[in-house]
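Engineer: Pasting start14.cif below, which is mmCIF, C-alpha atoms.
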data_model
#
loop_
_atom_site.label_atom_id
_atom_site.label_comp_id
_atom_site.auth_asym_id
_atom_site.auth_seq_id
_atom_site.Cartn_x
_atom_site.Cartn_y
_atom_site.Cartn_z
CA MET A 1278 -111.36 20.95 -27.01
CA THR A 1279 -109.90 19.01 -29.89
CA SER A 1280 -110.90 18.00 -33.38
CA PRO A 1281 -110.29 14.68 -35.14
CA ILE A 1282 -107.63 14.62 -37.79
CA GLU A 1283 -108.78 13.90 -41.29
CA ALA A 1284 -108.27 10.26 -42.22
CA PRO A 1285 -105.53 9.78 -44.84
CA ASP A 1286 -106.24 8.34 -48.24
CA PRO A 1287 -106.29 4.57 -47.60
CA THR A 1288 -104.27 4.03 -50.78
CA ALA A 1289 -101.55 6.50 -49.77
CA ARG A 1290 -98.33 5.20 -48.25
CA THR A 1291 -96.59 6.92 -45.38
CA PRO A 1292 -93.10 8.20 -46.36
CA LEU A 1293 -91.26 6.05 -43.80
CA ALA A 1294 -93.39 2.92 -44.03
CA GLY A 1295 -91.21 -0.14 -43.44
CA ILE A 1296 -88.54 1.78 -41.48
CA ARG A 1297 -87.86 0.47 -37.98
CA VAL A 1298 -86.41 2.75 -35.28
CA LEU A 1299 -85.07 1.77 -31.87
CA ASP A 1300 -85.73 4.89 -29.80
CA LEU A 1301 -83.58 5.17 -26.68
CA GLY A 1302 -84.53 8.81 -26.24
CA ARG A 1303 -85.33 10.11 -22.82
CA HIS A 1304 -86.91 13.26 -21.50
CA LEU A 1305 -87.52 15.44 -24.61
CA ALA A 1306 -84.92 15.84 -27.40
CA GLY A 1307 -84.60 12.16 -28.34
CA PRO A 1308 -88.28 11.31 -27.82
CA THR A 1309 -89.30 14.28 -29.99
CA ALA A 1310 -87.10 13.05 -32.86
CA GLY A 1311 -88.61 9.58 -32.57
CA MET A 1312 -92.12 11.01 -32.54
CA TRP A 1313 -91.58 12.91 -35.82
CA LEU A 1314 -90.38 9.66 -37.43
CA ALA A 1315 -93.42 7.79 -36.10
CA ASP A 1316 -95.68 10.48 -37.57
CA LEU A 1317 -94.08 9.79 -40.95
CA GLY A 1318 -94.94 6.11 -40.67
CA ALA A 1319 -91.82 4.53 -39.16
CA GLU A 1320 -92.27 1.79 -36.59
CA VAL A 1321 -90.71 3.46 -33.57
CA ILE A 1322 -89.89 1.15 -30.66
CA LYS A 1323 -89.32 3.01 -27.43
CA ILE A 1324 -86.71 1.19 -25.34
CA GLU A 1325 -87.23 1.89 -21.63
CA SER A 1326 -85.94 0.57 -18.34
CA PRO A 1327 -88.22 -1.92 -16.60
CA GLY A 1328 -89.98 -0.50 -13.58
CA LYS A 1329 -90.30 3.25 -13.98
CA GLY A 1330 -89.61 3.60 -17.68
CA GLU A 1331 -87.84 6.65 -19.06
CA SER A 1332 -87.64 9.85 -17.02
CA GLY A 1333 -90.33 11.68 -18.97
CA ARG A 1334 -93.01 9.35 -17.61
CA THR A 1335 -92.74 10.91 -14.15
CA ALA A 1336 -92.18 14.53 -15.24
CA GLY A 1337 -94.95 16.76 -14.02
CA PRO A 1338 -97.44 17.90 -12.90
CA PRO A 1339 -99.74 18.11 -14.71
CA PHE A 1340 -100.97 14.56 -15.26
CA VAL A 1341 -103.93 13.20 -17.20
CA GLY A 1342 -105.04 10.32 -15.02
CA PRO A 1343 -101.80 8.43 -14.37
CA GLU A 1344 -100.01 9.84 -17.41
CA SER A 1345 -97.56 12.76 -17.45
CA VAL A 1346 -98.57 15.45 -19.92
CA PHE A 1347 -94.86 15.97 -20.59
CA PHE A 1348 -94.54 12.32 -21.64
CA LEU A 1349 -97.71 12.45 -23.73
CA SER A 1350 -96.34 15.44 -25.66
CA ALA A 1351 -93.35 13.57 -27.13
CA ASN A 1352 -94.23 9.89 -27.45
CA ARG A 1353 -97.32 9.44 -29.58
CA SER A 1354 -97.55 6.61 -32.11
CA LYS A 1355 -94.71 4.53 -30.58
CA LYS A 1356 -94.40 1.02 -29.21
CA SER A 1357 -92.80 0.31 -25.84
CA LEU A 1358 -90.27 -2.41 -25.06
CA ALA A 1359 -89.06 -2.51 -21.44
CA LEU A 1360 -85.44 -3.73 -21.51
CA ASP A 1361 -82.61 -3.40 -18.99
CA LEU A 1362 -79.56 -2.22 -20.94
CA LYS A 1363 -77.35 -2.19 -17.85
CA LYS A 1364 -77.23 -5.99 -17.88
CA PRO A 1365 -75.26 -7.98 -20.48
CA ALA A 1366 -78.31 -10.10 -21.30
CA GLY A 1367 -80.31 -6.94 -22.05
CA GLN A 1368 -77.50 -5.61 -24.22
CA ALA A 1369 -77.51 -8.88 -26.17
CA VAL A 1370 -81.25 -8.54 -26.79
CA PHE A 1371 -80.74 -4.97 -28.00
CA ARG A 1372 -77.97 -5.99 -30.41
CA ARG A 1373 -80.28 -8.63 -31.84
CA LEU A 1374 -83.03 -6.06 -32.32
CA ALA A 1375 -80.58 -3.55 -33.84
CA CYS A 1376 -79.58 -6.06 -36.51
CA GLU A 1377 -83.20 -6.08 -37.68
CA SER A 1378 -83.72 -2.31 -37.50
CA ASP A 1379 -82.90 0.68 -39.68
CA VAL A 1380 -82.20 3.32 -37.04
CA VAL A 1381 -80.91 3.58 -33.49
CA LEU A 1382 -81.67 6.91 -31.82
CA GLU A 1383 -80.20 7.93 -28.45
CA ASN A 1384 -79.58 11.06 -26.40
CA PHE A 1385 -77.31 9.89 -23.60
CA ARG A 1386 -74.14 11.71 -22.61
CA PRO A 1387 -71.07 10.81 -24.73
CA GLY A 1388 -69.66 7.43 -23.75
CA VAL A 1389 -72.79 5.94 -22.18
CA MET A 1390 -73.71 3.77 -25.17
CA GLU A 1391 -70.11 2.60 -25.48
CA ALA A 1392 -70.20 1.60 -21.80
CA PHE A 1393 -73.27 -0.51 -22.64
CA ASN A 1394 -71.32 -2.13 -25.51
CA LEU A 1395 -73.89 -0.59 -27.84
CA GLY A 1396 -71.87 2.19 -29.47
CA TYR A 1397 -71.86 2.98 -33.17
CA ASP A 1398 -68.71 0.99 -33.94
CA THR A 1399 -70.10 -2.13 -32.28
CA LEU A 1400 -73.53 -1.99 -33.89
CA SER A 1401 -72.40 -0.91 -37.35
CA ALA A 1402 -69.96 -3.83 -37.44
CA LEU A 1403 -72.95 -6.13 -36.92
CA HIS A 1404 -75.25 -4.20 -39.27
CA PRO A 1405 -73.43 -1.96 -41.82
CA GLY A 1406 -76.73 -0.52 -43.05
CA LEU A 1407 -77.67 0.89 -39.63
CA ILE A 1408 -78.30 4.63 -39.17
CA TYR A 1409 -77.10 5.59 -35.69
CA CYS A 1410 -78.21 9.01 -34.42
CA SER A 1411 -76.85 10.57 -31.25
CA ILE A 1412 -78.12 13.76 -29.60
CA THR A 1413 -75.89 15.23 -26.90
CA GLY A 1414 -75.98 18.41 -24.85
CA PHE A 1415 -72.74 20.19 -25.75
CA GLY A 1416 -71.64 17.95 -28.65
CA ARG A 1417 -69.48 14.82 -28.85
CA ARG A 1418 -66.13 16.64 -28.80
CA GLY A 1419 -64.64 19.72 -27.17
CA PRO A 1420 -63.80 20.76 -23.59
CA TRP A 1421 -67.45 20.83 -22.49
CA ALA A 1422 -68.52 17.60 -24.21
CA SER A 1423 -68.83 15.57 -21.02
CA ARG A 1424 -70.78 18.17 -19.05
CA PRO A 1425 -74.43 17.52 -18.18
CA ALA A 1426 -76.87 19.71 -20.07
CA VAL A 1427 -80.55 20.58 -19.96
CA ASP A 1428 -82.54 22.94 -22.14
CA GLN A 1429 -82.18 26.17 -20.20
CA VAL A 1430 -78.48 25.61 -19.62
CA ILE A 1431 -78.07 25.47 -23.40
CA GLN A 1432 -80.31 28.52 -23.88
CA ALA A 1433 -77.92 30.34 -21.57
CA PHE A 1434 -74.67 29.00 -23.02
CA SER A 1435 -75.68 29.49 -26.67
CA GLY A 1436 -76.33 33.21 -26.27
CA LEU A 1437 -80.08 32.94 -26.83
CA MET A 1438 -81.02 34.26 -23.40
CA SER A 1439 -78.75 37.28 -23.84
CA ILE A 1440 -80.84 38.50 -26.77
CA THR A 1441 -84.23 37.58 -25.26
CA GLY A 1442 -85.90 40.10 -22.96
CA PHE A 1443 -85.35 43.79 -22.38
CA GLU A 1444 -82.22 45.89 -21.94
CA GLY A 1445 -81.53 46.49 -18.28
CA ASP A 1446 -83.64 43.54 -17.13
CA GLU A 1447 -82.57 39.98 -16.36
CA PRO A 1448 -82.14 37.56 -19.30
CA VAL A 1449 -85.26 35.64 -20.33
CA ARG A 1450 -85.70 32.01 -21.40
CA SER A 1451 -87.91 30.89 -24.25
CA GLY A 1452 -91.41 29.86 -23.18
CA VAL A 1453 -90.84 26.35 -24.58
CA PRO A 1454 -87.76 24.09 -24.25
CA ILE A 1455 -86.56 25.31 -27.60
CA SER A 1456 -83.11 23.67 -27.66
CA ASP A 1457 -84.61 20.24 -26.89
CA LEU A 1458 -87.28 20.62 -29.54
CA LEU A 1459 -84.93 21.90 -32.23
CA ALA A 1460 -82.33 19.23 -31.52
CA GLY A 1461 -85.09 16.63 -31.95
CA LEU A 1462 -86.16 18.22 -35.21
CA PHE A 1463 -82.59 18.35 -36.56
CA ALA A 1464 -82.03 14.73 -35.50
CA ALA A 1465 -85.13 13.58 -37.38
CA PHE A 1466 -84.00 15.59 -40.41
CA GLY A 1467 -80.54 14.01 -40.23
CA ILE A 1468 -81.98 10.50 -39.95
CA VAL A 1469 -84.23 10.97 -42.97
CA THR A 1470 -81.26 12.37 -44.92
CA ALA A 1471 -79.10 9.36 -43.98
CA LEU A 1472 -81.88 6.96 -44.98
CA HIS A 1473 -82.03 8.66 -48.37
CA ALA A 1474 -78.23 8.42 -48.77
CA ARG A 1475 -78.37 4.71 -47.90
CA GLN A 1476 -80.59 4.10 -50.92
CA THR A 1477 -77.59 4.94 -53.10
CA SER A 1478 -74.64 3.78 -51.01
CA GLY A 1479 -76.21 0.77 -49.32
CA ARG A 1480 -74.44 1.78 -46.12
CA GLY A 1481 -75.63 3.35 -42.92
CA GLN A 1482 -73.77 6.07 -41.06
CA ARG A 1483 -73.55 7.99 -37.83
CA VAL A 1484 -75.64 11.16 -37.45
CA ASP A 1485 -74.70 13.55 -34.66
CA THR A 1486 -76.32 16.72 -33.37
CA SER A 1487 -76.58 18.45 -30.04
CA LEU A 1488 -78.70 20.92 -28.17
CA LEU A 1489 -75.85 23.43 -28.42
CA GLU A 1490 -75.31 23.10 -32.18
CA SER A 1491 -79.05 23.39 -32.79
CA MET A 1492 -79.30 26.59 -30.78
CA VAL A 1493 -76.16 28.20 -32.22
CA ALA A 1494 -77.50 27.49 -35.71
CA MET A 1495 -80.74 29.23 -34.72
CA LEU A 1496 -78.92 32.43 -33.76
CA ASN A 1497 -79.20 32.99 -37.50
CA PHE A 1498 -78.72 36.62 -38.52
CA GLN A 1499 -77.88 37.67 -34.96
CA GLY A 1500 -74.89 35.34 -35.04
CA VAL A 1501 -73.90 36.39 -38.55
CA ARG A 1502 -74.11 40.05 -37.54
CA TYR A 1503 -71.60 39.40 -34.74
CA LEU A 1504 -69.28 37.40 -37.02
CA ASN A 1505 -69.18 40.30 -39.44
CA GLY A 1506 -68.19 43.02 -37.00
CA ALA A 1507 -71.50 44.35 -35.69
CA GLY A 1508 -70.60 43.59 -32.07
CA GLU A 1509 -72.72 41.94 -29.38
CA PRO A 1510 -76.43 42.09 -30.20
CA PRO A 1511 -78.47 43.51 -27.32
CA PRO A 1512 -81.69 41.99 -25.93
CA ALA A 1513 -84.28 42.26 -28.67
CA GLY A 1514 -87.19 43.11 -26.38
CA ASN A 1515 -90.54 43.17 -28.14
CA HIS A 1516 -89.33 44.92 -31.26
CA HIS A 1517 -87.46 43.55 -34.27
CA PRO A 1518 -83.69 43.94 -33.89
CA ILE A 1519 -83.15 45.59 -37.29
CA ILE A 1520 -86.56 46.80 -38.62
CA ALA A 1521 -89.11 49.34 -37.34
CA PRO A 1522 -92.00 49.61 -36.83
CA TYR A 1523 -92.18 45.87 -36.19
CA GLY A 1524 -93.12 44.65 -32.74
CA VAL A 1525 -95.58 44.98 -29.85
CA PHE A 1526 -97.89 47.99 -29.58
CA ARG A 1527 -100.49 48.97 -27.00
CA ALA A 1528 -104.13 49.52 -27.92
CA GLN A 1529 -107.15 50.51 -25.82
CA ASP A 1530 -107.78 47.06 -24.34
CA GLY A 1531 -104.53 45.14 -24.81
CA TYR A 1532 -101.56 44.50 -27.05
CA LEU A 1533 -101.01 43.55 -30.66
CA VAL A 1534 -98.08 42.88 -32.96
CA ILE A 1535 -97.68 44.93 -36.12
CA GLY A 1536 -95.09 44.26 -38.82
CA ALA A 1537 -94.86 47.28 -41.11
CA ALA A 1538 -91.48 46.19 -42.35
CA HIS A 1539 -91.19 48.15 -45.61
CA GLU A 1540 -91.59 51.77 -46.71
CA LYS A 1541 -94.98 51.11 -48.29
CA GLY A 1542 -96.19 49.34 -45.16
CA TRP A 1543 -94.95 52.21 -42.98
CA ARG A 1544 -96.90 54.76 -44.99
CA ARG A 1545 -100.03 52.60 -44.97
CA LEU A 1546 -99.75 52.18 -41.22
CA CYS A 1547 -99.65 55.94 -40.73
CA GLN A 1548 -102.78 56.25 -42.88
CA VAL A 1549 -104.65 53.56 -40.95
CA ILE A 1550 -103.87 55.07 -37.53
CA GLN A 1551 -104.64 58.57 -38.88
CA ALA A 1552 -101.17 59.90 -38.22
CA PRO A 1553 -99.94 61.27 -41.57
CA GLU A 1554 -97.71 63.70 -39.69
CA LEU A 1555 -95.45 60.81 -38.67
CA VAL A 1556 -94.51 60.23 -42.31
CA GLU A 1557 -93.10 63.76 -42.46
CA ASP A 1558 -91.59 63.69 -38.98
CA ALA A 1559 -87.80 64.12 -39.33
CA ARG A 1560 -87.23 61.62 -36.52
CA PHE A 1561 -88.70 58.82 -38.65
CA GLN A 1562 -87.81 59.81 -42.20
CA GLY A 1563 -85.84 56.71 -43.18
CA LYS A 1564 -85.47 53.06 -42.18
CA ALA A 1565 -82.32 53.75 -40.16
CA GLU A 1566 -83.97 56.62 -38.29
CA ARG A 1567 -87.07 54.58 -37.52
CA PHE A 1568 -84.96 51.72 -36.19
CA THR A 1569 -82.72 53.94 -34.08
CA ARG A 1570 -85.80 55.56 -32.52
CA ARG A 1571 -87.93 52.40 -32.52
CA LEU A 1572 -89.04 52.72 -28.87
CA GLU A 1573 -89.90 56.37 -29.35
CA LEU A 1574 -91.78 55.45 -32.52
CA ALA A 1575 -93.61 52.63 -30.75
CA GLU A 1576 -94.87 55.08 -28.13
CA GLU A 1577 -96.11 57.45 -30.84
CA ILE A 1578 -97.97 54.62 -32.56
CA SER A 1579 -99.40 53.28 -29.30
CA GLN A 1580 -100.80 56.72 -28.45
CA ARG A 1581 -102.85 56.58 -31.67
CA LEU A 1582 -103.85 52.95 -31.10
CA ALA A 1583 -105.20 53.83 -27.65
CA GLN A 1584 -108.27 55.29 -29.38
CA ASP A 1585 -109.67 51.84 -30.19
CA THR A 1586 -109.55 48.12 -29.40
CA VAL A 1587 -107.10 45.46 -30.52
CA GLN A 1588 -109.78 43.78 -32.65
CA VAL A 1589 -110.76 47.00 -34.42
CA TRP A 1590 -107.15 47.82 -35.23
CA CYS A 1591 -106.42 44.29 -36.45
CA ASP A 1592 -109.40 44.49 -38.79
CA ARG A 1593 -108.29 47.86 -40.18
CA LEU A 1594 -104.66 46.86 -40.53
CA THR A 1595 -105.54 43.57 -42.23
CA GLU A 1596 -107.76 45.41 -44.69
CA ALA A 1597 -104.77 47.64 -45.51
CA GLY A 1598 -102.54 44.61 -46.07
CA ILE A 1599 -100.39 45.15 -42.99
CA PRO A 1600 -99.38 41.98 -41.06
CA CYS A 1601 -100.74 42.04 -37.51
CA SER A 1602 -102.12 39.87 -34.73
CA PRO A 1603 -103.50 40.14 -31.24
CA ILE A 1604 -101.19 38.60 -28.64
CA GLN A 1605 -103.11 35.46 -27.80
CA THR A 1606 -102.80 33.03 -24.93
CA VAL A 1607 -102.04 29.39 -25.70
CA GLY A 1608 -105.70 28.58 -25.13
CA GLN A 1609 -106.89 31.34 -27.43
CA ALA A 1610 -104.52 30.12 -30.14
CA LEU A 1611 -105.62 26.47 -29.87
CA GLU A 1612 -109.31 27.43 -29.82
CA HIS A 1613 -109.02 29.86 -32.75
CA PRO A 1614 -110.97 28.88 -35.91
CA GLN A 1615 -107.78 29.08 -38.00
CA VAL A 1616 -105.91 26.55 -35.85
CA LYS A 1617 -109.03 24.36 -35.66
CA GLU A 1618 -109.39 24.45 -39.44
CA LEU A 1619 -105.81 23.18 -39.76
CA GLY A 1620 -106.62 20.34 -37.36
CA MET A 1621 -103.53 20.91 -35.23
CA ALA A 1622 -105.28 19.70 -32.06
CA VAL A 1623 -106.37 16.07 -32.18
CA GLU A 1624 -108.08 13.73 -29.75
CA VAL A 1625 -107.06 10.11 -29.28
CA ASP A 1626 -108.07 7.41 -26.81
CA HIS A 1627 -105.58 6.41 -24.15
CA PRO A 1628 -106.17 3.07 -22.37
CA ALA A 1629 -105.43 4.51 -18.92
CA ALA A 1630 -106.24 8.22 -19.24
CA GLY A 1631 -109.23 8.05 -21.60
CA PRO A 1632 -109.60 10.69 -24.33
CA ILE A 1633 -106.53 12.95 -24.47
CA GLY A 1634 -105.66 15.96 -26.57
CA LEU A 1635 -102.44 16.00 -28.58
CA LEU A 1636 -100.84 18.18 -31.24
CA ARG A 1637 -100.46 16.69 -34.70
CA PHE A 1638 -97.47 16.52 -37.05
CA PRO A 1639 -97.28 19.93 -38.81
CA LEU A 1640 -96.73 18.66 -42.38
CA GLU A 1641 -99.19 17.55 -45.03
CA PHE A 1642 -98.36 15.79 -48.31
CA SER A 1643 -100.31 15.70 -51.56
CA GLU A 1644 -99.32 12.11 -52.40
CA SER A 1645 -98.20 10.57 -49.09
CA ALA A 1646 -100.06 9.93 -45.87
CA VAL A 1647 -99.11 10.95 -42.36
CA ALA A 1648 -99.67 8.19 -39.82
CA PRO A 1649 -102.80 8.87 -37.73
CA PRO A 1650 -101.72 9.75 -34.18
CA VAL A 1651 -101.90 6.96 -31.62
CA ALA A 1652 -101.73 7.44 -27.85
CA PRO A 1653 -98.26 7.05 -26.27
CA PRO A 1654 -97.69 3.47 -25.10
CA ALA A 1655 -97.90 2.05 -21.61
CA LEU A 1656 -94.56 0.85 -20.28
CA GLY A 1657 -93.67 -2.48 -21.86
CA GLN A 1658 -96.99 -2.86 -23.65
CA ASP A 1659 -95.32 -4.26 -26.79
CA THR A 1660 -92.43 -6.18 -25.23
CA ARG A 1661 -93.82 -9.66 -25.84
CA GLU A 1662 -94.92 -8.97 -29.43
CA LEU A 1663 -91.60 -7.39 -30.40
CA LEU A 1664 -89.48 -10.14 -28.87
CA ILE A 1665 -91.55 -12.84 -30.58
CA ARG A 1666 -91.06 -11.03 -33.89
CA ALA A 1667 -87.32 -10.99 -33.19
CA GLY A 1668 -87.36 -14.78 -32.86
CA PHE A 1669 -87.45 -15.22 -29.09
CA THR A 1670 -89.50 -18.15 -27.85
CA GLU A 1671 -92.08 -17.87 -25.09
CA GLU A 1672 -89.71 -19.82 -22.84
CA GLU A 1673 -86.85 -17.39 -23.53
CA ILE A 1674 -89.12 -14.42 -22.93
CA GLY A 1675 -90.25 -15.92 -19.65
CA GLN A 1676 -86.64 -16.38 -18.56
CA LEU A 1677 -85.79 -12.79 -19.48
CA GLU A 1678 -88.77 -11.56 -17.48
CA GLU A 1679 -87.86 -13.72 -14.50
CA LYS A 1680 -84.34 -12.24 -14.44
CA GLY A 1681 -85.68 -8.68 -14.68
CA ILE A 1682 -84.17 -8.12 -18.13
CA VAL A 1683 -87.53 -7.26 -19.68
CA GLN A 1684 -90.93 -6.18 -18.42
CA LEU A 1685 -94.16 -7.40 -19.97
CA ALA A 1686 -97.41 -5.47 -19.87
CA ARG A 1687 -100.15 -7.15 -17.82
#
Mind turning this structure into structure tokens?
Structural biologist:
Amino acid sequence: MTSPIEAPDPTARTPLAGIRVLDLGRHLAGPTAGMWLADLGAEVIKIESPGKGESGRTAGPPFVGPESVFFLSANRSKKSLALDLKKPAGQAVFRRLACESDVVLENFRPGVMEAFNLGYDTLSALHPGLIYCSITGFGRRGPWASRPAVDQVIQAFSGLMSITGFEGDEPVRSGVPISDLLAGLFAAFGIVTALHARQTSGRGQRVDTSLLESMVAMLNFQGVRYLNGAGEPPPAGNHHPIIAPYGVFRAQDGYLVIGAAHEKGWRRLCQVIQAPELVEDARFQGKAERFTRRLELAEEISQRLAQDTVQVWCDRLTEAGIPCSPIQTVGQALEHPQVKELGMAVEVDHPAAGPIGLLRFPLEFSESAVAPPVAPPALGQDTRELLIRAGFTEEEIGQLEEKGIVQLAR
């Protein structure tokens, strides 16, 4: 199922070695940001409530043994400290840890951290070098700032669902929680940027992003088209919204994607599918005509493709230099020799679930190492070690455990 990741050069240093992150992320956006930082070598300490831990631990099915696959997907290579932030004693422990850390990462609703006496102003006054990253749903300001948000709500609000799917049909969500994942990616990018700035200024700063801002930014040319007078973009369907032929086509035994985006590619495509008459067809003479009649053109192309299989056409198109691909399932993609050669699927040992498959960090460096993936932590598995490192005595730790402030792994 999975392949081991190549061991890094033992002399190479991970880019974020020595950086310590307190990860208060829950569910997906915050945990994903923390995971990227852990992959780059940061020590990422997942702060969770004693008892059940963060909400992602119980998300599912499916489960691998006792572990939620959802949780496994966003929490590799972290440590876990079970700490009750609702109690003043737990807040005091967190402030002590924050003074010895580089980054605090959280994705609560606006005002929650301030209610815990753990907001940016409080922590930065104690530790001016601290990077404090907040991920919210709708952003920290504005009339919708306090509203609850989840991924698909943001997909709807941002306009993404209105351009996904087919005209005349109901709007369609992305097949992955794209606003959560992108907000996590932007948060990690912002944290790394702030760490770089601190090298010059010596000061930390607040970094803010939201699911909404991440998705609006990803509207990209569709958003810019609207801002420059092109009107509301319609659902894109399975064909490119401004170029044709570029989209999904039907062959004898299934579907493939073809991207003949330029004039040369269009002419080559007509040669490959043995339809030279389409080049001279007045309906498709120029780029504008081909786009306007893109569905009509797609049907013409699919009629020719019906003479052979997806694999045969992909081979012929590739030989002609035309981008193409069969439409694969997730399993077909992960089992494909190309993905296996890149080592994107990795296997690690989990103490409760046994061997588990994970996806690796998608960057490689010529001079730096990426931290080898480690299974997500059990709840509170590192509580004792981390508190001892922070200067707590065994007696103090015992008292915190007795009062329910922390949870130790057994």
Engineer: Extract, using only C-alpha atoms, all DNA, RNA and protein residues at most 10 Å from A:Arg1290, discarding same-chain residues fewer than 6 positions from it, and format them as a PyMOL selection string.
Structural biologist: chain A and resi 1317-1318+1644-1648
Engineer: Quick check on the file I pasted: which residues fall under the PyMOL selection byres ((chain A and resi 1311-1313) around 8)? Write them as a PyMOL selection string.
Structural biologist: chain A and resi 1298+1300+1302+1307-1310+1314-1317+1321+1351-1355+1382+1461-1462+1465+1638
Engineer: Between A:Asp1626, A:Glu1490, A:Asp1585, A:Glu1573, which one has atoms that come closest to A:Ser1435, using all atoms listed in the file?
Structural biologist: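 Distance minimum relative to A:Ser1435 lands on A:Glu1490.
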Engineer: What does the distance from atom CA of A:Gly1419 to atom CA of A:Glu1509 come to in Å, to one decimal?
Structural biologist: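 Atom-to-atom, atom CA of A:Gly1419 to atom CA of A:Glu1509, that is 23.7 Å.
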Engineer: Set the distance at 12 Å and use only C-alpha atoms: which residues neighbour A:Thr1399 once local chain neighbours fewer than 6 positions away are removed? I'd like the list as a VMD selection string.
Structural biologist: chain A and resid 1368 to 1369 1371 to 1372 1375 to 1376 1390 to 1393 1405 1407 1409
Engineer: With the PyMOL selection byres ((chain A and resi 1388) around 12) as the selection, what would be picked from this file? Answer as a list in words, please.
Structural biologist: Glu1383, Asn1384, Phe1385, Arg1386, Pro1387, Val1389, Met1390, Glu1391, Ala1392, Phe1393, Asn1394, Leu1395, Gly1396, Tyr1397, Ser1411, Thr1413, Gly1416, Arg1417, Arg1418, Ala1422, Ser1423 and Arg1424 of chain A
Engineer: How would the residues just chosen look if you wrote them out with C-alpha atoms as an mmCIF file, keeping the file's coordinate frame?
Structural biologist:
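So the final result, stored in selection-v5.cif, reads:
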data_model
loop_
_atom_site.group_PDB
_atom_site.id
_atom_site.type_symbol
_atom_site.label_atom_id
_atom_site.label_comp_id
_atom_site.auth_asym_id
_atom_site.auth_seq_id
_atom_site.Cartn_x
_atom_site.Cartn_y
_atom_site.Cartn_z
ATOM 1 C CA GLU A 1383 -80.200 7.930 -28.450
ATOM 2 C CA ASN A 1384 -79.580 11.060 -26.400
ATOM 3 C CA PHE A 1385 -77.310 9.890 -23.600
ATOM 4 C CA ARG A 1386 -74.140 11.710 -22.610
ATOM 5 C CA PRO A 1387 -71.070 10.810 -24.730
ATOM 6 C CA VAL A 1389 -72.790 5.940 -22.180
ATOM 7 C CA MET A 1390 -73.710 3.770 -25.170
ATOM 8 C CA GLU A 1391 -70.110 2.600 -25.480
ATOM 9 C CA ALA A 1392 -70.200 1.600 -21.800
ATOM 10 C CA PHE A 1393 -73.270 -0.510 -22.640
ATOM 11 C CA ASN A 1394 -71.320 -2.130 -25.510
ATOM 12 C CA LEU A 1395 -73.890 -0.590 -27.840
ATOM 13 C CA GLY A 1396 -71.870 2.190 -29.470
ATOM 14 C CA TYR A 1397 -71.860 2.980 -33.170
ATOM 15 C CA SER A 1411 -76.850 10.570 -31.250
ATOM 16 C CA THR A 1413 -75.890 15.230 -26.900
ATOM 17 C CA GLY A 1416 -71.640 17.950 -28.650
ATOM 18 C CA ARG A 1417 -69.480 14.820 -28.850
ATOM 19 C CA ARG A 1418 -66.130 16.640 -28.800
ATOM 20 C CA ALA A 1422 -68.520 17.600 -24.210
ATOM 21 C CA SER A 1423 -68.830 15.570 -21.020
ATOM 22 C CA ARG A 1424 -70.780 18.170 -19.050
#
Engineer: Which distance in Å separates atom CA of A:Ile1431 and atom CA of A:Val1607, to one decimal?
Structural biologist: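 Here the two named atoms are 24.4 Å from each other.
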Engineer: Can you translate the PyMOL selection byres ((chain A and resi 1604) around 6) into the concrete residues it hits in this file, as a CSV table (one decimal) with C-alpha atoms, in the coordinates of the input?
Structural biologist:
chain,number,residue,atom,x,y,z
A,1533,LEU,CA,-101.0,43.6,-30.7
A,1603,PRO,CA,-103.5,40.1,-31.2
A,1605,GLN,CA,-103.1,35.5,-27.8
Engineer: Which polymer residues, protein or nucleic acid, are no farther than 9 Å from (-98.6, 7.9, -17.7), counting all atoms listed in the file, as a ChimeraX atom specification?
Structural biologist: /A:1334-1335,1340-1346,1348-1349,1629-1630,1653-1656
Engineer: Quick one: 5 Å padding each side, axis-aligned, all listed atoms of stretch 1534-1547 of chain A - centre and edge lengths in Å to one decimal, as lines of an AutoDock Vina configuration file?
Structural biologist:
center_x = -95.6
center_y = 49.4
center_z = -40.6
size_x = 18.8
size_y = 23.1
size_z = 25.3
Engineer: Identify, on the basis of all atoms listed in the file, every residue whose closest approach to A:Ser1602 does not exceed 8 Å; exclude the query and any residue fewer than 6 positions from it along the same chain; express the result as a VMD selection string.
Structural biologist: chain A and resid 1533 to 1535 1591
Engineer: If you measure from atom CA of A:Gln1432 to atom CA of A:Ile1520, what distance in Å do you get, rounded to one decimal?
Structural biologist: 24.3 Å
Engineer: With all atoms listed in the file as the counted atoms, please give the residues lying no more than 8 Å from A:Leu1437, apart from itself and same-chain residues fewer than 3 positions off, as a tab-separated table (two decimals) with C-alpha atoms, in the coordinates of the input.
Structural biologist:
chain	number	residue	atom	x	y	z
A	1432	GLN	CA	-80.31	28.52	-23.88
A	1433	ALA	CA	-77.92	30.34	-21.57
A	1434	PHE	CA	-74.67	29.00	-23.02
A	1440	ILE	CA	-80.84	38.50	-26.77
A	1441	THR	CA	-84.23	37.58	-25.26
A	1450	ARG	CA	-85.70	32.01	-21.40
A	1492	MET	CA	-79.30	26.59	-30.78
A	1496	LEU	CA	-78.92	32.43	-33.76
Engineer: Between A:Glu1624, A:Glu1612, A:Glu1325, A:Glu1444, single out the one closest to A:Leu1685, counting all atoms listed in the file.
Structural biologist: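 Between A:Glu1624, A:Glu1612, A:Glu1325, A:Glu1444, the residue approaching A:Leu1685 most closely is A:Glu1325.
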Engineer: List the neighbours of A:Pro1518 out to 12 Å using all atoms listed in the file; skip same-chain residues closer than 5 positions along the sequence, and give me the result as a PyMOL selection string.
Structural biologist: chain A and resi 1440-1443+1498-1499+1502+1510-1513+1523-1524+1538+1565+1567-1572
